[in-house]
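Undergrad: Handing you a structure now.
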Amino acid sequence: MSSRIGGMMFLVLGLTYGWFIADIPLDFFSEQEPFNARSMPWGIAAATVVVALLLIVFPAKQEAGIPWKALNWKPALLLVLAMSGYGLTLEYLGFIGATALFLVVGILILGERRYWQIGCIAISVAVGFYFLMKGLGIYLEPGELWSALGNHAHA
Amino acid sequence: MLDGILIGLETVLTLQNLMFVLLGCLAGTLIGMLPGLGPISAIALMIPVTYGFEPASGMILLAGVYYGAIFGGSTSSILINAPGVAGTVATAFDGYPLARSGQAGKALATAAYASFAGGTLAAVLLVVTAPLLADVSLSFQSADYFMLMVLGLSLVSAFAAEGEHLKALMMTCFGLMLSTVGTDLSAGVQRFTFGRMDLIDGISFLMLAMATFALTEALMMVLKPDQVQQRQPDLSHASLKMTGAEIREIAPTISRGSVLGFFVGVLPGAGATIASFLAYGLERMLAHPTVKPLFGKGSLRGLAAPESANNAACTGSFVPLLTLGIPGSGTTAVLLGALIAYGVQPGPRLFVDEPEIFWSVIVSMYFGNIILLVLNLPLIPYIARLLMVPRPYLVPLIMFFSLMGVYLVSFNDFDIQMMVFIALVAVGLRLLAFPMAPLLLGFILGGMLEDNLRRAVTLSDGSLAFLWERPISLTLLVLTLVALVSPLLRRWLSRH
Amino acid sequence: MTRLCCTLLLLLSSALPLKAEVLPEVHFLIPAGPGGGWDGTARGVGEAMVKSHLVDDVSFENLSGGGGGRAIAKLIETADRQQYTLLISSTPMVVRSLQKVFPQSFRDLVPVATVIADYSAFVVPSDSPLQNFADVVAQFASDPRSVKVAGGSVKGSTDHFIFAKAIEMAGGDPRKVVYIPYDGGGKAMAGILSGETQLLSTGLSEAIDMARAGEARVIAITAPARLPDAPELPTLTEQGYALEFANWRGFFAAKGLPAQRYADMQETIARLLATPEFEAVRKRNGWTLLHREGTDFYQFLEQQEQEVGQLMRNLGFLRP
């Protein structure tokens with residue numbers, strides 16, 4: 001079953017990819033060249049479609065079904081959102097704030113409830129890493145919030 | 001040559017220089033374990049420390065940092081499936097499954113032994129063959145690199161479990177597809193960037209590896225808490241000992257991996273990552289059908305091959321650097337900058353004009369490898385203790401570690417969103433039982449395959465005759481055919 | 001022991017305010033990851049600023065993406081928070097905004113000053129029959145495909161069009177130039193040494209180290225006159241092809257800062273370039289000094305943009 005689902009997905013992907021090849025600009029010398037910026041993508045698109053079709057026609061034997069329902073979807077998806085949120089807050093809250101927040105949220109999602117311990121670990125990891133990087137001469141942004149509070153951005 | 005080695009020994013065996021080897025290895029290992037900081041950053045960070053040193057001492061320290069960083073990278077690869085350095089991605093294929101089955105100590109020890117043996121064997125090869133190899137590294141042209149990448153791709157079936165070859169091929173195509181995103185080197189045009197500025201520089205290999213290995217694995221731990229159950233790691237020092245049978249099993253692997261890694265490392269257009277993938281593929285292809293299913297599930301051979309190859313390749317990359325002044329990788333480019341800042345001019349005359357630098361770097365390689373082994377073996381049980389961290393804490397920490405690993409290279413928060421997206425797709429594909437390693441193989445070989453092919457075709461004014469006219473290309477072509485045909489042949493033979 | 005004394009002296013001297021500081025701090029914004037040319041220049045300049053006590057507090061921020069466009073966008077968007085920020089950039093900024101890689105150009109920032117230049121160099125293997133640029137022109141005239149040009153960056157970049165420009169000035173057709181791009185100068189150098197290409201067009205700083213290694217020979221550089229640090233290298237101008245081209249590296253600030261701030265930034269850089277500390281960094285890296293500030297820098301950029309734009313249209317990289 002999984003081969004067929006995957007095969008269909010890749011078939012769509014291969015066709016979409018092939019569709020967007022037309023968007024690759026060619027300057028006029030490349031149009032005359034035997035091998036230009038579109039050649040390799042054409043080859044890849046064709047190979048993808050062929051392999052995807054093979055996968056649909058000849059799926060792997062003896063495949064176990066996927067226990068979709070038995071999977072622990074909720075915390076996994078929440079973690080995905082938390083990671084994405086981490087990327088979004090990094091600029092505003094700064095490295096320390098965003099990292100500590102992400103770790104707290106992540107640990108809470110996974111069911112841990114010892115709040116003091118969570119807070120201590122999250123903050124010490126974030127602060128420790130910040131100073132380690134500072135010690136190595138690597139700049140991490142303190143965040144817009146920090147400068148909005150009247151602090152100097154690059155102190 | 002013997003007096004060369006004596007000069008080298010004399011330089012290295014001062015208390016001060018031995019301290020520098022030690023300091024370099026230690027700093028390199030620690031920095032290499034940190035996310036996002038590979039050998040390039042580690043060396044760049046340590047260069048200012050070495051200003052004012054004798055050139056030989058400076059190089060000794062930096063060579064130690066280089067090995068240490070690679071070794072540090074394999075530690076995170078093995079323990080949490082997060083390859084911090086591109087050269088250690090293949091280490092995760094078998095190293096992480098070993099760690100998960102409770103043998104973290106043994107996996108780390110095997111990596112340490114394999115790195116040691118790889119580095120040392122390559123240093124011997126370097127001494128014996130360096131002057132000759134300068135010519136070898138220049139005899140490879142774009143056409144030959146193209147064929148080398150084709151040979152690499154032909155190993156893809158080696159990256160697949162039995163009966164899953166089509167899926168592996170599918171993922172290779174996906175990897176090739178991703179490699180075409182960004183600015184095209186040969187024409188300078190943008191491909192598949194959809195007008196997004198952040199895609200112009202393409203997708204980085206490290207980002208793809210972190211997303212599809214570390215993040216995906218962390219999410220799988222949450223999705224299937226009972227299936228990905230981790231066994232309690234055995235943390236005793238005794239667990240590090242290898243049995244005689246195990247040593248006999250990996251010794252040939254290590255020697256093959258080292259020789260292959262060294263020669264691939266000598267080529268300025270290939271490098272440690274390609275070397276480790278080739279060694280892994282080769283080992284799996286050579287494996288007897290009875291042990292083949294173990295690959296990808298925690299085979300010692302599958303771990304020893306890429307580990308010995310990446311270390312040997314690093315040593316090999318010193319050949320074009322020292323004898324020709326040509327940096328083959330980002331790391332050797334930084335090292336070249338350091339040499340020049342010391343006032344040393346690498347090239348064919350280095351060997352004659354400043355033998356003490358040439359030989360002390362080589363001799364320090366032996367000492368660097370010994371020190372790394374001595375330094376790291378006793379630490380392994382403590383490092384492996386990381387796995388004792390309870391899962392609610394471990395999973396977010398792995399995620400932080402992986403995201404930082406990519407963020408600290410680009411400092412671009414778009415990369416974090418892209419990683420999360422790739423990880424989501426990869427989780428779906430893993431649930432559908434698609435293997436991840438071929439994706440990375442396709443990705444890393446794809447870009448180089450295309451660039452080299454286009455160069456070769458332009459250079460030959462549009463003809464493909466280079467495939468059979470150039471002896472190196474022809475040899476590689478024959479090897480590719482052998483790699484493709486031999487599994488079929490073996491199956492046919494076993495039936496009749 | 002002497003080293004210890006020196007360190008102590010340095011520590012002592014840093015405690016005493018020797019010179020009045022013009023700027024309290026400088027924050028460098030580097031549009032690429034650590035380890036490249038922009039990064040090295042910014043860190044070198046920053047190091048010299050601290051060591052010469054011109055600026056006490058120096059920080060470096062790397063931000064890659066979009067061929068450098070992302071950092072420019074950030075500087076424009078967050079201008080009010082970038083009071084003491086200097087963005088480092090170089091010639092590719094002009095090229096990339098012409099190619100519309102990113103929508104901004106130097107006009108959206110305030111050019112402060114250039115500090116160093118890297119001239120282009122044409123390099124051949126030591127055993128090549130090509131001795132000077134006239135030989136290259138002659139061979140190109142007989143068969144353009146017999147002089148394949150290797151370069152360390154993409155088609156349409158400086159490495160490519162400088163050679164095309166030189167051919168054009170010599171009366172050849174720049175569109176007939178066969179340019180072979182490699183991923184970095186080191187691999188391009190391996191390309192000429194392996195014999196697959198005949199000539200390498202690259203930055204002098206990269207070429208000179210390889211030429212001094214003895215495997216290759218520099219046949220022409222695009223400096224206006226021979227360089228004091230490398231007087232053995234012939235210029236294109238002296239060979240009768242009046243092509244001068246400097247790949248400058250310089251600093252930009254955000255728009256809308258107090259007018260005095262720009263003057264202070266210029267003064268700091270001007271004073272820095274005269275210090276022995278900067279001289280040490282310059283020597284170590286083999287940089288060539290090129291100092292243009294304020295309006296002079298702006299006009300220089302406009303002129304370069306016009307020249308490069310014209311050439312790229314001739315080459316077909318920009319639609320007219």
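Chains: A, B, ... in order of the structure tokens. Residues: from 1 per chain. Ligands: from 1, in order shown.
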Write out as a ChimeraX atom specification the residues lying within 8 Å of Gly46 in chain C, counting only C-alpha atoms and excluding same-chain residues fewer than 6 positions away.
TA: /C:28,58-59
Undergrad: I'd like the neighbourhood of Thr48 in chain A as a list in words, where a residue qualifies if any of its atoms comes within 10 Å (using only C-alpha atoms), though same-chain residues fewer than 5 positions away should be ignored.
TA: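 With the cut-off at 10 Å, the set is Gly7, Phe10, Leu11, Val12, Leu13, Gly14, Leu15, Tyr17, Gly18, Trp42, Gly43, Leu53 and Leu54 of chain A; Leu169, Met170, Met171, Thr172, Cys173, Phe174, Leu176 and Met177 of chain B.
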Undergrad: Would you write out, as JSON lines, a table of all residues in chain B that have an atom no more than 6 Å from an atom of chain C, listing for each the closest atom pair and the distance in Å to one decimal, considering only C-alpha atoms and ordering rows by chain and rising residue number?
TA:
```
{"residue": "B:Leu138", "atom": "CA", "partner": "C:Ser194", "partner_atom": "CA", "distance": 4.8}
{"residue": "B:Ser139", "atom": "CA", "partner": "C:Ser194", "partner_atom": "CA", "distance": 5.6}
{"residue": "B:Leu185", "atom": "CA", "partner": "C:Val154", "partner_atom": "CA", "distance": 4.7}
{"residue": "B:Ser186", "atom": "CA", "partner": "C:Lys155", "partner_atom": "CA", "distance": 5.8}
{"residue": "B:Ala187", "atom": "CA", "partner": "C:Lys155", "partner_atom": "CA", "distance": 5.2}
{"residue": "B:Gly188", "atom": "CA", "partner": "C:Lys155", "partner_atom": "CA", "distance": 5.1}
{"residue": "B:Met197", "atom": "CA", "partner": "C:Gly66", "partner_atom": "CA", "distance": 4.6}
{"residue": "B:Asp198", "atom": "CA", "partner": "C:Gly66", "partner_atom": "CA", "distance": 5.1}
{"residue": "B:Ile200", "atom": "CA", "partner": "C:Gly66", "partner_atom": "CA", "distance": 5.1}
{"residue": "B:Gly325", "atom": "CA", "partner": "C:Met210", "partner_atom": "CA", "distance": 5.9}
{"residue": "B:Ile326", "atom": "CA", "partner": "C:Gly186", "partner_atom": "CA", "distance": 5.3}
{"residue": "B:Pro327", "atom": "CA", "partner": "C:Gly186", "partner_atom": "CA", "distance": 5.3}
{"residue": "B:Ala341", "atom": "CA", "partner": "C:Arg284", "partner_atom": "CA", "distance": 5.0}
{"residue": "B:Pro346", "atom": "CA", "partner": "C:Ala213", "partner_atom": "CA", "distance": 6.0}
{"residue": "B:Gly347", "atom": "CA", "partner": "C:Ala213", "partner_atom": "CA", "distance": 4.3}
{"residue": "B:Val409", "atom": "CA", "partner": "C:Gly33", "partner_atom": "CA", "distance": 5.8}
{"residue": "B:Ser410", "atom": "CA", "partner": "C:Ser64", "partner_atom": "CA", "distance": 5.1}
{"residue": "B:Phe411", "atom": "CA", "partner": "C:Leu63", "partner_atom": "CA", "distance": 5.0}
```
Undergrad: Could you give me, as a Markdown table, a per-residue list for chain C showing, wherever an atom lies at most 9 Å from an atom of chain A, the closest pair of atoms and their distance in Å to one decimal, using only C-alpha atoms and sorting by chain then residue number from low to high?
TA:
```
| residue | atom | partner | partner_atom | distance |
| --- | --- | --- | --- | --- |
| C:Glu25 | CA | A:His154 | CA | 8.4 |
| C:Val26 | CA | A:His154 | CA | 8.5 |
| C:His27 | CA | A:His154 | CA | 6.8 |
| C:Asp57 | CA | A:Ala155 | CA | 8.0 |
| C:Val58 | CA | A:His154 | CA | 8.7 |
| C:Ser59 | CA | A:Tyr139 | CA | 7.0 |
| C:Phe60 | CA | A:Tyr139 | CA | 6.0 |
| C:Glu61 | CA | A:Tyr139 | CA | 5.4 |
| C:Asn62 | CA | A:Tyr139 | CA | 7.6 |
| C:Arg81 | CA | A:Ala153 | CA | 6.8 |
| C:Gln82 | CA | A:Ala153 | CA | 8.0 |
| C:Tyr84 | CA | A:His154 | CA | 8.7 |
| C:Arg175 | CA | A:Phe29 | CA | 8.5 |
| C:Gly316 | CA | A:Asp27 | CA | 6.8 |
| C:Phe317 | CA | A:Asp27 | CA | 6.7 |
| C:Leu318 | CA | A:Asp27 | CA | 8.6 |
| C:Arg319 | CA | A:Asp27 | CA | 8.8 |
```
Undergrad: Using all heavy atoms, can you write the selected residues to a file as a compact mmCIF listing (two decimals), in the first residue's frame?
TA:
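File produced: selection_36.txt:
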```
# COMPACT_ATOMS: atom_id res chain seq x y z
N GLU C 25 30.99 52.59 19.37
CA GLU C 25 30.96 51.18 19.01
C GLU C 25 30.75 51.04 17.51
O GLU C 25 30.30 51.99 16.85
CB GLU C 25 29.82 50.46 19.74
CG GLU C 25 28.46 51.01 19.36
CD GLU C 25 27.33 50.09 19.77
OE1 GLU C 25 27.35 48.92 19.36
OE2 GLU C 25 26.44 50.53 20.51
N VAL C 26 31.09 49.88 17.00
CA VAL C 26 30.79 49.58 15.60
C VAL C 26 30.24 48.16 15.55
O VAL C 26 30.77 47.24 16.18
CB VAL C 26 32.04 49.69 14.71
CG1 VAL C 26 31.76 49.11 13.34
CG2 VAL C 26 32.49 51.13 14.57
N HIS C 27 29.13 48.01 14.82
CA HIS C 27 28.55 46.68 14.64
C HIS C 27 28.66 46.34 13.16
O HIS C 27 28.16 47.08 12.31
CB HIS C 27 27.08 46.71 15.07
CG HIS C 27 26.40 45.39 14.92
ND1 HIS C 27 26.71 44.31 15.71
CD2 HIS C 27 25.43 44.97 14.08
CE1 HIS C 27 25.95 43.28 15.37
NE2 HIS C 27 25.18 43.65 14.37
N ASP C 57 34.34 48.93 21.25
CA ASP C 57 33.36 47.85 21.27
C ASP C 57 32.98 47.49 19.83
O ASP C 57 32.36 48.28 19.13
CB ASP C 57 32.13 48.35 22.05
CG ASP C 57 31.13 47.25 22.25
OD1 ASP C 57 31.43 46.10 21.90
OD2 ASP C 57 30.04 47.54 22.75
N VAL C 58 33.39 46.31 19.41
CA VAL C 58 33.13 45.90 18.03
C VAL C 58 32.40 44.57 18.05
O VAL C 58 32.77 43.67 18.81
CB VAL C 58 34.48 45.74 17.28
CG1 VAL C 58 34.27 45.09 15.95
CG2 VAL C 58 35.14 47.09 17.10
N SER C 59 31.32 44.45 17.29
CA SER C 59 30.65 43.15 17.21
C SER C 59 30.39 42.81 15.74
O SER C 59 30.38 43.68 14.89
CB SER C 59 29.34 43.19 17.99
OG SER C 59 28.56 44.29 17.59
N PHE C 60 30.21 41.52 15.49
CA PHE C 60 30.04 41.04 14.12
C PHE C 60 28.78 40.20 14.03
O PHE C 60 28.56 39.34 14.86
CB PHE C 60 31.22 40.16 13.71
CG PHE C 60 32.55 40.83 13.87
CD1 PHE C 60 33.28 40.66 15.03
CD2 PHE C 60 33.06 41.64 12.87
CE1 PHE C 60 34.50 41.28 15.19
CE2 PHE C 60 34.27 42.27 13.03
CZ PHE C 60 35.01 42.09 14.19
N GLU C 61 27.99 40.47 13.03
CA GLU C 61 26.77 39.68 12.84
C GLU C 61 26.78 39.12 11.42
O GLU C 61 26.90 39.87 10.46
CB GLU C 61 25.54 40.58 13.05
CG GLU C 61 24.23 39.87 12.77
CD GLU C 61 23.02 40.79 12.97
OE1 GLU C 61 23.21 41.95 13.36
OE2 GLU C 61 21.91 40.31 12.74
N ASN C 62 26.65 37.81 11.30
CA ASN C 62 26.58 37.19 9.97
C ASN C 62 25.12 36.97 9.61
O ASN C 62 24.33 36.53 10.45
CB ASN C 62 27.28 35.82 9.97
CG ASN C 62 28.76 35.95 10.20
OD1 ASN C 62 29.22 36.07 11.33
ND2 ASN C 62 29.52 35.95 9.14
N ARG C 81 17.39 50.93 14.35
CA ARG C 81 18.16 50.19 15.37
C ARG C 81 19.62 50.01 14.95
O ARG C 81 20.39 49.36 15.62
CB ARG C 81 17.53 48.81 15.60
CG ARG C 81 16.21 48.88 16.33
CD ARG C 81 15.85 47.51 16.88
NE ARG C 81 15.32 46.64 15.84
CZ ARG C 81 15.81 45.44 15.56
NH1 ARG C 81 16.86 44.98 16.21
NH2 ARG C 81 15.26 44.70 14.64
N GLN C 82 19.98 50.53 13.79
CA GLN C 82 21.32 50.26 13.26
C GLN C 82 22.17 51.53 13.29
O GLN C 82 22.78 51.92 12.31
CB GLN C 82 21.22 49.73 11.82
CG GLN C 82 20.29 48.54 11.66
CD GLN C 82 20.83 47.26 12.26
OE1 GLN C 82 21.97 47.21 12.73
NE2 GLN C 82 20.03 46.21 12.28
N TYR C 84 24.99 52.26 14.69
CA TYR C 84 26.44 52.16 14.52
C TYR C 84 26.83 50.97 13.66
O TYR C 84 27.86 50.35 13.85
CB TYR C 84 27.13 52.05 15.90
CG TYR C 84 26.91 53.28 16.74
CD1 TYR C 84 25.90 53.32 17.70
CD2 TYR C 84 27.70 54.40 16.56
CE1 TYR C 84 25.68 54.45 18.45
CE2 TYR C 84 27.50 55.54 17.32
CZ TYR C 84 26.49 55.57 18.27
OH TYR C 84 26.28 56.70 19.00
N ARG C 175 31.17 37.85 -26.90
CA ARG C 175 30.18 36.76 -26.78
C ARG C 175 30.76 35.41 -27.14
O ARG C 175 30.17 34.38 -26.87
CB ARG C 175 28.99 37.03 -27.68
CG ARG C 175 28.22 38.24 -27.23
CD ARG C 175 26.94 38.33 -27.98
NE ARG C 175 26.28 39.57 -27.63
CZ ARG C 175 25.03 39.84 -27.92
NH1 ARG C 175 24.32 38.97 -28.58
NH2 ARG C 175 24.51 40.98 -27.57
N GLY C 316 24.73 39.95 -23.27
CA GLY C 316 23.45 39.28 -23.28
C GLY C 316 22.99 38.78 -21.93
O GLY C 316 22.06 37.99 -21.83
N PHE C 317 23.64 39.24 -20.86
CA PHE C 317 23.19 38.83 -19.54
C PHE C 317 22.06 39.69 -19.02
O PHE C 317 21.37 39.34 -18.09
CB PHE C 317 24.35 38.85 -18.53
CG PHE C 317 25.19 37.65 -18.66
CD1 PHE C 317 26.50 37.74 -19.08
CD2 PHE C 317 24.66 36.41 -18.41
CE1 PHE C 317 27.26 36.62 -19.23
CE2 PHE C 317 25.42 35.27 -18.56
CZ PHE C 317 26.73 35.38 -18.97
N LEU C 318 21.92 40.87 -19.61
CA LEU C 318 20.80 41.72 -19.24
C LEU C 318 20.04 42.01 -20.53
O LEU C 318 20.65 42.30 -21.55
CB LEU C 318 21.29 43.05 -18.66
CG LEU C 318 22.00 43.02 -17.34
CD1 LEU C 318 22.44 44.42 -16.98
CD2 LEU C 318 21.10 42.47 -16.25
N ARG C 319 18.74 41.92 -20.46
CA ARG C 319 17.96 42.28 -21.64
C ARG C 319 18.04 43.80 -21.77
O ARG C 319 17.83 44.51 -20.79
CB ARG C 319 16.50 41.85 -21.46
CG ARG C 319 16.39 40.40 -21.00
CD ARG C 319 15.99 39.49 -22.14
NE ARG C 319 16.01 38.10 -21.66
CZ ARG C 319 16.48 37.09 -22.40
NH1 ARG C 319 16.96 37.34 -23.59
NH2 ARG C 319 16.45 35.86 -21.94
```
Undergrad: Could you write out as a VMD selection string the residues of chain B within 6 Å of chain A, counting only C-alpha atoms?
TA: chain B and resid 173 191 219 222 to 224 392 to 393 396 413 416 to 417 432
Undergrad: Which value, in Å to one decimal, gives the distance between CA of Thr110 in chain B and CA of Phe262 in chain B?
TA: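 Going from CA of Thr110 in chain B over to CA of Phe262 in chain B covers 19.2 Å.
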